[in-house]
$ cat structure.tsv   # TSV, C-alpha atoms
chain	number	residue	atom	x	y	z
E	1062	MET	CA	-28.27	28.66	35.01
E	1063	PRO	CA	-28.31	24.89	35.67
E	1064	ASN	CA	-28.73	22.68	32.64
E	1065	ALA	CA	-32.04	20.94	33.28
E	1066	GLY	CA	-31.62	18.70	30.25
E	1067	SER	CA	-28.65	16.91	31.77
E	1068	GLY	CA	-30.13	16.83	35.28
E	1069	ILE	CA	-27.96	19.61	36.75
E	1070	THR	CA	-30.02	21.18	39.53
E	1071	ASP	CA	-29.64	24.18	41.83
E	1072	ALA	CA	-29.19	21.78	44.76
E	1073	LEU	CA	-26.28	20.02	43.06
E	1074	VAL	CA	-24.62	23.29	42.08
E	1075	SER	CA	-24.96	24.59	45.65
E	1076	ALA	CA	-23.47	21.39	47.06
E	1077	LEU	CA	-20.47	21.64	44.76
E	1078	ARG	CA	-19.94	25.28	45.63
E	1079	ARG	CA	-19.90	24.40	49.34
E	1080	ALA	CA	-17.72	21.31	48.94
E	1081	ARG	CA	-14.32	21.43	50.58
E	1082	SER	CA	-13.32	18.05	49.19
E	1083	VAL	CA	-14.26	16.44	45.86
E	1084	ALA	CA	-13.28	12.97	44.63
E	1085	VAL	CA	-13.74	11.79	41.04
E	1086	LEU	CA	-13.62	8.41	39.32
E	1087	THR	CA	-13.38	8.32	35.54
E	1088	GLY	CA	-13.72	5.41	33.15
E	1089	SER	CA	-13.33	4.57	29.49
E	1090	GLY	CA	-16.27	6.72	28.38
E	1091	VAL	CA	-14.21	9.84	29.10
E	1092	SER	CA	-11.33	8.64	26.94
E	1093	ALA	CA	-13.63	7.40	24.17
E	1094	GLU	CA	-14.66	11.01	23.55
E	1095	SER	CA	-11.03	11.72	22.68
E	1096	GLY	CA	-11.00	8.90	20.14
E	1097	VAL	CA	-9.34	6.31	22.38
E	1098	PRO	CA	-11.18	3.01	21.79
E	1099	THR	CA	-12.66	1.48	24.89
E	1100	PHE	CA	-10.85	-1.67	25.87
E	1101	ARG	CA	-13.60	-3.97	24.66
E	1102	ASP	CA	-14.20	-2.17	21.36
E	1103	ALA	CA	-13.79	-4.36	18.29
E	1104	GLN	CA	-10.19	-4.68	17.19
E	1105	THR	CA	-9.25	-3.49	13.73
E	1106	GLY	CA	-6.71	-4.33	11.05
E	1107	LEU	CA	-4.13	-6.93	12.03
E	1108	TRP	CA	-5.69	-7.25	15.49
E	1109	ALA	CA	-9.23	-8.06	14.37
E	1110	ARG	CA	-8.83	-11.78	15.08
E	1111	TYR	CA	-7.77	-11.24	18.69
E	1112	GLU	CA	-9.89	-10.58	21.75
E	1113	PRO	CA	-8.33	-8.06	24.19
E	1114	GLN	CA	-8.83	-10.58	26.98
E	1115	GLU	CA	-6.52	-12.94	25.08
E	1116	LEU	CA	-3.67	-10.44	25.05
E	1117	ALA	CA	-3.94	-8.46	28.29
E	1118	THR	CA	-2.82	-11.19	30.67
E	1119	PRO	CA	0.48	-12.27	32.24
E	1120	GLU	CA	-0.05	-15.69	30.63
E	1121	ALA	CA	-0.34	-14.16	27.14
E	1122	PHE	CA	2.88	-12.22	27.69
E	1123	GLU	CA	4.70	-15.32	28.91
E	1124	ARG	CA	3.43	-17.27	25.91
E	1125	ASP	CA	4.22	-14.65	23.25
E	1126	PRO	CA	5.81	-11.47	24.64
E	1127	GLY	CA	6.50	-10.05	21.18
E	1128	LEU	CA	2.85	-10.28	20.12
E	1129	VAL	CA	1.60	-8.60	23.29
E	1130	TRP	CA	4.22	-5.84	23.06
E	1131	GLU	CA	3.32	-5.07	19.44
E	1132	TRP	CA	-0.40	-4.94	20.32
E	1133	TYR	CA	0.34	-2.39	23.00
E	1134	GLU	CA	2.50	-0.40	20.58
E	1135	TRP	CA	-0.53	-0.20	18.31
E	1136	ARG	CA	-2.63	1.00	21.23
E	1137	ARG	CA	0.08	3.51	22.18
E	1138	ASP	CA	-0.08	4.99	18.69
E	1139	LEU	CA	-3.83	5.54	19.18
E	1140	VAL	CA	-3.18	7.28	22.49
E	1141	ARG	CA	-0.43	9.48	21.03
E	1142	ALA	CA	-2.91	10.72	18.42
E	1143	ALA	CA	-5.59	11.50	21.01
E	1144	LYS	CA	-6.04	14.86	22.74
E	1145	PRO	CA	-7.79	15.83	25.96
E	1146	ASN	CA	-11.46	16.67	25.46
E	1147	PRO	CA	-13.74	19.19	27.21
E	1148	GLY	CA	-14.49	16.65	29.96
E	1149	HIS	CA	-10.80	16.37	30.84
E	1150	ARG	CA	-10.42	20.14	30.83
E	1151	ALA	CA	-13.52	20.66	32.99
E	1152	LEU	CA	-12.03	18.41	35.67
E	1153	THR	CA	-8.82	20.43	35.53
E	1154	GLU	CA	-10.87	23.56	36.18
E	1155	LEU	CA	-12.80	21.87	39.00
E	1156	GLU	CA	-9.51	20.88	40.65
E	1157	ARG	CA	-8.47	24.52	40.59
E	1158	ARG	CA	-11.66	25.55	42.40
E	1159	VAL	CA	-11.81	22.94	45.18
E	1160	PRO	CA	-9.53	23.04	48.26
E	1161	SER	CA	-9.08	19.23	48.27
E	1162	PHE	CA	-9.43	17.30	45.03
E	1163	SER	CA	-8.61	13.74	43.98
E	1164	LEU	CA	-9.05	12.19	40.54
E	1165	ALA	CA	-8.87	8.41	40.29
E	1166	THR	CA	-8.99	7.03	36.77
E	1167	GLN	CA	-9.36	3.59	35.27
E	1168	ASN	CA	-7.93	4.94	32.01
E	1169	VAL	CA	-4.31	4.26	31.08
E	1170	ASP	CA	-3.84	6.99	28.44
E	1171	GLY	CA	-2.51	9.82	30.62
E	1172	LEU	CA	-4.97	12.32	29.10
E	1173	HIS	CA	-5.97	13.75	32.49
E	1174	ARG	CA	-2.39	14.84	33.16
E	1175	ARG	CA	-2.04	16.15	29.62
E	1176	ALA	CA	-5.14	18.27	30.26
E	1177	GLY	CA	-3.48	19.77	33.33
E	1178	SER	CA	-4.89	17.71	36.20
E	1179	GLU	CA	-2.36	17.24	38.98
E	1180	SER	CA	-3.97	15.03	41.66
E	1181	VAL	CA	-4.34	11.98	39.41
E	1182	LEU	CA	-4.36	8.40	40.70
E	1183	GLU	CA	-3.84	5.90	37.87
E	1184	LEU	CA	-5.62	2.79	39.13
E	1185	HIS	CA	-4.83	0.68	36.06
E	1186	GLY	CA	-1.39	2.09	35.24
E	1187	ASN	CA	-0.23	4.08	32.22
E	1188	ILE	CA	0.19	2.62	28.75
E	1189	MET	CA	2.95	5.09	27.88
E	1190	ARG	CA	5.22	3.72	30.62
E	1191	SER	CA	7.08	0.42	30.72
E	1192	LYS	CA	8.28	-1.73	33.55
E	1193	CYS	CA	10.49	-4.78	33.95
E	1194	SER	CA	8.52	-8.00	33.76
E	1195	VAL	CA	11.00	-9.62	36.15
E	1196	GLU	CA	11.67	-6.95	38.78
E	1197	GLY	CA	8.35	-5.11	38.51
E	1198	MET	CA	10.09	-1.73	38.54
E	1199	GLU	CA	9.40	1.10	36.10
E	1200	ALA	CA	12.02	1.13	33.34
E	1201	GLU	CA	12.36	2.34	29.78
E	1202	PRO	CA	14.27	0.80	26.85
E	1203	ARG	CA	17.84	1.81	26.16
E	1204	GLU	CA	18.23	4.05	23.14
E	1205	GLY	CA	18.69	1.92	20.06
E	1206	ASP	CA	17.21	-1.22	21.62
E	1207	GLU	CA	15.23	-2.78	18.77
E	1208	SER	CA	14.31	-5.97	20.61
E	1209	VAL	CA	10.63	-6.88	20.69
E	1210	PRO	CA	9.94	-6.52	23.55
E	1211	PRO	CA	12.84	-4.27	24.56
E	1212	LEU	CA	15.08	-5.46	27.36
E	1213	CYS	CA	15.33	-4.06	30.87
E	1214	PRO	CA	18.50	-1.95	31.20
E	1215	GLY	CA	18.98	-3.34	34.70
E	1216	CYS	CA	18.50	-7.10	34.55
E	1217	GLY	CA	18.02	-7.86	30.85
E	1218	GLY	CA	14.49	-9.22	31.30
E	1219	PHE	CA	11.69	-8.27	28.96
E	1220	LEU	CA	10.00	-4.92	29.43
E	1221	ARG	CA	6.21	-4.88	29.48
E	1222	PRO	CA	3.59	-2.11	29.47
E	1223	ASP	CA	3.08	-0.59	32.93
E	1224	VAL	CA	-0.63	-1.44	33.02
E	1225	VAL	CA	-2.77	-3.74	35.12
E	1226	TRP	CA	-3.62	-6.94	33.28
E	1227	PHE	CA	-6.47	-9.35	33.90
E	1228	GLY	CA	-5.66	-11.35	37.01
E	1229	GLU	CA	-3.35	-8.69	38.47
E	1230	ALA	CA	-3.92	-6.51	41.51
E	1231	LEU	CA	-4.24	-2.74	41.31
E	1232	PRO	CA	-1.28	-0.66	42.55
E	1233	GLU	CA	-1.69	-0.69	46.33
E	1234	ASP	CA	-0.66	2.90	46.94
E	1235	ALA	CA	-2.90	4.35	44.23
E	1236	PHE	CA	-5.96	2.40	45.30
E	1237	ALA	CA	-5.40	3.15	48.99
E	1238	ALA	CA	-5.18	6.85	48.19
E	1239	ALA	CA	-8.34	6.69	46.05
E	1240	SER	CA	-10.20	4.83	48.79
E	1241	GLY	CA	-9.14	7.41	51.38
E	1242	ALA	CA	-10.24	10.25	49.11
E	1243	ALA	CA	-13.62	8.58	48.56
E	1244	ARG	CA	-14.19	8.16	52.29
E	1245	GLY	CA	-13.18	11.75	53.04
E	1246	CYS	CA	-14.93	13.73	50.30
E	1247	ASP	CA	-18.06	15.87	50.40
E	1248	VAL	CA	-18.99	15.16	46.76
E	1249	PHE	CA	-18.07	12.13	44.66
E	1250	LEU	CA	-18.35	12.23	40.85
E	1251	SER	CA	-18.43	9.01	38.84
E	1252	ALA	CA	-17.94	9.90	35.16
E	1253	GLY	CA	-17.93	7.73	32.06
E	1254	THR	CA	-17.59	4.40	33.83
E	1255	SER	CA	-19.77	1.30	33.57
E	1256	SER	CA	-19.46	0.74	37.35
E	1257	LEU	CA	-18.78	-2.94	36.58
E	1258	VAL	CA	-15.00	-3.22	36.99
E	1259	TYR	CA	-13.91	-3.90	40.55
E	1260	PRO	CA	-12.29	-2.91	42.79
E	1261	ALA	CA	-12.50	0.59	41.26
E	1262	ALA	CA	-16.30	0.33	41.10
E	1263	SER	CA	-16.39	0.08	44.90
E	1264	LEU	CA	-15.16	3.65	45.36
E	1265	PRO	CA	-18.52	5.44	44.86
E	1266	TYR	CA	-20.13	3.15	47.43
E	1267	GLU	CA	-17.35	3.91	49.92
E	1268	ALA	CA	-18.04	7.60	49.41
E	1269	ALA	CA	-21.79	7.19	49.86
E	1270	ARG	CA	-21.37	5.17	53.06
E	1271	SER	CA	-19.24	8.00	54.43
E	1272	GLY	CA	-21.95	10.56	53.73
E	1273	ALA	CA	-20.75	12.05	50.44
E	1274	LEU	CA	-23.15	13.35	47.81
E	1275	LEU	CA	-22.94	10.80	44.98
E	1276	VAL	CA	-23.16	12.06	41.39
E	1277	GLU	CA	-23.11	9.80	38.32
E	1278	ILE	CA	-22.38	11.17	34.84
E	1279	ASN	CA	-23.11	8.67	32.09
E	1280	PRO	CA	-25.24	8.41	28.94
E	1281	ASP	CA	-26.84	5.18	30.20
E	1282	ASP	CA	-27.97	3.58	33.43
E	1283	THR	CA	-25.39	1.50	35.32
E	1284	PRO	CA	-25.53	-0.55	38.53
E	1285	LEU	CA	-24.60	2.67	40.36
E	1286	THR	CA	-27.52	4.73	39.04
E	1287	GLN	CA	-30.08	3.68	41.63
E	1288	HIS	CA	-27.66	4.61	44.43
E	1289	ALA	CA	-26.73	8.04	43.07
E	1290	ASP	CA	-28.11	11.24	44.56
E	1291	HIS	CA	-27.87	12.83	41.12
E	1292	ALA	CA	-27.75	10.86	37.85
E	1293	LEU	CA	-26.74	13.22	35.05
E	1294	ARG	CA	-27.53	11.72	31.64
E	1295	GLY	CA	-25.10	12.61	28.87
E	1296	ARG	CA	-21.49	12.34	27.81
E	1297	ALA	CA	-18.83	13.51	30.24
E	1298	GLY	CA	-17.47	15.91	27.61
E	1299	GLU	CA	-20.80	17.73	27.63
E	1300	VAL	CA	-22.06	17.37	31.20
E	1301	LEU	CA	-18.83	18.14	33.07
E	1302	PRO	CA	-18.22	21.48	31.30
E	1303	ALA	CA	-21.87	22.41	31.90
E	1304	LEU	CA	-21.57	21.51	35.56
E	1305	VAL	CA	-18.41	23.54	36.06
E	1306	ALA	CA	-19.89	26.47	34.11
E	1307	ALA	CA	-22.94	26.40	36.42
E	1308	LEU	CA	-20.65	27.06	39.36
E	1309	GLY	CA	-19.98	30.54	37.99
E	1310	GLU	CA	-16.75	32.50	38.34
E	1311	ALA	CA	-14.24	31.14	40.81
$ encode --input "structure.tsv" --output "structure tokens"
Amino acid sequence: MPNAGSGITDALVSALRRARSVAVLTGSGVSAESGVPTFRDAQTGLWARYEPQELATPEAFERDPGLVWEWYEWRRDLVRAAKPNPGHRALTELERRVPSFSLATQNVDGLHRRAGSESVLELHGNIMRSKCSVEGMEAEPREGDESVPPLCPGCGGFLRPDVVWFGEALPEDAFAAASGAARGCDVFLSAGTSSLVYPAASLPYEAARSGALLVEINPDDTPLTQHADHALRGRAGEVLPALVAALGEA
């Protein structure tokens, strides 16, 4: 039976059952339920005197690469300790049920893949990867390299986290694929995102303009709410499992 408390209706369930193509956008609210602090959460410990916006920029890395690298190592430790939550796992199950499925995420923690999702587009990169700050290519430190930051095995330049910083463009291929999925889907789910960070926040509108059913899953209203066909109030870790359960046996 649909969960009326979260806004799940028979019409929504029927639309999802009929859907041949589903596209999803997830934001920091999904990761927060796994204990990963949202990017703008207050810093703790040694990092309490820094604002994230002061550290997550190319200029900050150029000014003090060691400081930025160590901050990201702290964040990596938080991600390593986190585990996928029921929201992640529900999306994995939904992917299994739908002929064409695409999951674009603004999160950099890799938890969707750890939960078993396969069609994942990482719009803001992945904090567990590194890349060369000079060549821009993915690279990992040599074993035993204790430099801070480590050095690129190829050119000797500093390695940096493979994430999108303030002032940088999103990966072209990932965003193009997400945009194509949004324009081609029958149902678009926006889960756990503030709908404020562009260009990712444009994806639901692309889907709606192309005729997709637009579903928002969030505890609070966002700029997207008034445009959504269904606004499901609640945390992604609660609403998504309820929504997938309402679909019945595959």
$ residues_around --input "structure.tsv" --residues "E:Gly1218" --least-positions-apart "2" --cutoff "12 Å" --atoms "all atoms listed in the file" --output "list of chain:residue names"
E:Glu1123, E:Pro1126, E:Lys1192, E:Cys1193, E:Ser1194, E:Val1195, E:Glu1196, E:Gly1197, E:Met1198, E:Ala1200, E:Glu1201, E:Pro1202, E:Ser1208, E:Val1209, E:Pro1210, E:Pro1211, E:Leu1212, E:Cys1213, E:Pro1214, E:Gly1215, E:Cys1216, E:Leu1220, E:Arg1221
$ residues_around --input "structure.tsv" --residues "E:Ser1095" --least-positions-apart "2" --cutoff "8 Å" --atoms "all atoms listed in the file" --output "list in words"
Val1091, Ser1092, Ala1093, Val1097, Ala1143, Lys1144, Pro1145 and Asn1146 of chain E
$ residues_around --input "structure.tsv" --residues "E:Leu1164" --least-positions-apart "2" --cutoff "6 Å" --atoms "all atoms listed in the file" --output "list of chain:residue names"
E:Ala1084, E:Val1085, E:Ser1180, E:Val1181
$ closest_residue --input "structure.tsv" --among "E:Gly1127, E:Gly1148, E:Pro1222, E:Pro1232" --to "E:Ile1278" --atoms "all atoms listed in the file"
E:Gly1148
$ atom_distance --input "structure.tsv" --atom1 "atom CA of E:Pro1284" --atom2 "atom CA of E:Leu1155"
25.8 Å
$ closest_residue --input "structure.tsv" --among "E:Arg1150, E:Arg1157, E:Arg1081, E:Arg1124" --to "E:Leu1301" --atoms "only C-alpha atoms"
E:Arg1150
$ atom_distance --input "structure.tsv" --atom1 "atom CA of E:Asp1071" --atom2 "atom CA of E:Asp1282"
22.3 Å
$ atom_distance --input "structure.tsv" --atom1 "atom CA of E:Ala1269" --atom2 "atom CA of E:Ala1307"
23.5 Å
$ residues_around --input "structure.tsv" --residues "E:Arg1294" --least-positions-apart "4" --cutoff "10 Å" --atoms "only C-alpha atoms" --output "list in words"
Gly1066, Ser1067, Gly1068, Ile1069, Glu1277, Ile1278, Asn1279, Pro1280, Asp1281, Asp1282, Glu1299 and Val1300 of chain E
$ decode --input "structure.tsv" --residues "stretch 1135-1147 of chain E" --atoms "all heavy atoms" --output "compact mmCIF listing (two decimals), in the first residue's frame"
# COMPACT_ATOMS: atom_id res chain seq x y z
N TRP E 1135 41.30 14.25 6.12
CA TRP E 1135 40.35 14.18 7.24
C TRP E 1135 38.96 13.81 6.73
O TRP E 1135 38.28 12.95 7.30
CB TRP E 1135 40.33 15.53 7.95
CG TRP E 1135 39.28 15.66 9.02
CD1 TRP E 1135 39.26 15.05 10.24
CD2 TRP E 1135 38.10 16.47 8.96
NE1 TRP E 1135 38.13 15.42 10.94
CE2 TRP E 1135 37.41 16.29 10.19
CE3 TRP E 1135 37.56 17.34 7.99
CZ2 TRP E 1135 36.20 16.96 10.46
CZ3 TRP E 1135 36.37 17.99 8.27
CH2 TRP E 1135 35.71 17.79 9.50
N ARG E 1136 38.55 14.45 5.63
CA ARG E 1136 37.24 14.14 5.06
C ARG E 1136 37.20 12.70 4.53
O ARG E 1136 36.17 12.02 4.62
CB ARG E 1136 36.89 15.14 3.95
CG ARG E 1136 36.72 16.56 4.47
CD ARG E 1136 36.26 17.50 3.37
NE ARG E 1136 34.89 17.20 2.96
CZ ARG E 1136 33.81 17.66 3.56
NH1 ARG E 1136 33.93 18.43 4.64
NH2 ARG E 1136 32.61 17.35 3.12
N ARG E 1137 38.30 12.23 3.96
CA ARG E 1137 38.35 10.85 3.48
C ARG E 1137 38.16 9.86 4.63
O ARG E 1137 37.51 8.83 4.46
CB ARG E 1137 39.69 10.60 2.77
CG ARG E 1137 39.75 11.14 1.36
CD ARG E 1137 41.16 11.06 0.80
NE ARG E 1137 41.18 11.23 -0.65
CZ ARG E 1137 42.26 11.44 -1.36
NH1 ARG E 1137 43.46 11.49 -0.75
NH2 ARG E 1137 42.19 11.58 -2.67
N ASP E 1138 38.74 10.17 5.77
CA ASP E 1138 38.56 9.28 6.93
C ASP E 1138 37.08 9.19 7.32
O ASP E 1138 36.60 8.11 7.68
CB ASP E 1138 39.39 9.79 8.11
CG ASP E 1138 40.87 9.51 7.95
OD1 ASP E 1138 41.24 8.64 7.14
OD2 ASP E 1138 41.67 10.17 8.65
N LEU E 1139 36.36 10.31 7.23
CA LEU E 1139 34.93 10.29 7.53
C LEU E 1139 34.18 9.41 6.53
O LEU E 1139 33.26 8.66 6.90
CB LEU E 1139 34.36 11.71 7.50
CG LEU E 1139 34.91 12.70 8.53
CD1 LEU E 1139 34.30 14.08 8.31
CD2 LEU E 1139 34.62 12.22 9.96
N VAL E 1140 34.56 9.50 5.28
CA VAL E 1140 33.90 8.70 4.23
C VAL E 1140 34.21 7.23 4.40
O VAL E 1140 33.33 6.37 4.25
CB VAL E 1140 34.33 9.21 2.83
CG1 VAL E 1140 33.90 8.23 1.75
CG2 VAL E 1140 33.76 10.59 2.57
N ARG E 1141 35.45 6.91 4.76
CA ARG E 1141 35.83 5.49 4.95
C ARG E 1141 34.99 4.85 6.06
O ARG E 1141 34.68 3.67 6.00
CB ARG E 1141 37.31 5.38 5.29
CG ARG E 1141 38.25 5.70 4.13
CD ARG E 1141 39.70 5.42 4.52
NE ARG E 1141 40.61 5.87 3.47
CZ ARG E 1141 41.32 6.99 3.51
NH1 ARG E 1141 41.24 7.79 4.58
NH2 ARG E 1141 42.11 7.33 2.52
N ALA E 1142 34.63 5.64 7.05
CA ALA E 1142 33.87 5.11 8.18
C ALA E 1142 32.37 5.01 7.88
O ALA E 1142 31.64 4.36 8.62
CB ALA E 1142 34.08 6.00 9.41
N ALA E 1143 31.93 5.65 6.81
CA ALA E 1143 30.50 5.67 6.47
C ALA E 1143 30.11 4.40 5.71
O ALA E 1143 30.94 3.77 5.05
CB ALA E 1143 30.18 6.90 5.64
N LYS E 1144 28.84 4.06 5.80
CA LYS E 1144 28.30 2.91 5.07
C LYS E 1144 27.04 3.32 4.33
O LYS E 1144 26.32 4.23 4.76
CB LYS E 1144 27.98 1.77 6.04
CG LYS E 1144 29.20 1.20 6.75
CD LYS E 1144 28.80 0.08 7.70
CE LYS E 1144 30.03 -0.49 8.41
NZ LYS E 1144 29.66 -1.57 9.37
N PRO E 1145 26.75 2.66 3.21
CA PRO E 1145 25.51 2.97 2.50
C PRO E 1145 24.30 2.79 3.41
O PRO E 1145 24.27 1.90 4.26
CB PRO E 1145 25.49 1.95 1.35
CG PRO E 1145 26.93 1.60 1.14
CD PRO E 1145 27.55 1.64 2.50
N ASN E 1146 23.31 3.65 3.22
CA ASN E 1146 22.10 3.60 4.04
C ASN E 1146 20.93 3.05 3.21
O ASN E 1146 21.09 2.75 2.02
CB ASN E 1146 21.81 4.98 4.63
CG ASN E 1146 21.51 6.01 3.56
OD1 ASN E 1146 20.58 5.87 2.78
ND2 ASN E 1146 22.29 7.09 3.53
N PRO E 1147 19.75 2.90 3.82
CA PRO E 1147 18.61 2.33 3.08
C PRO E 1147 18.24 3.10 1.81
O PRO E 1147 17.73 2.51 0.86
CB PRO E 1147 17.48 2.36 4.11
CG PRO E 1147 18.18 2.23 5.43
CD PRO E 1147 19.44 3.02 5.28
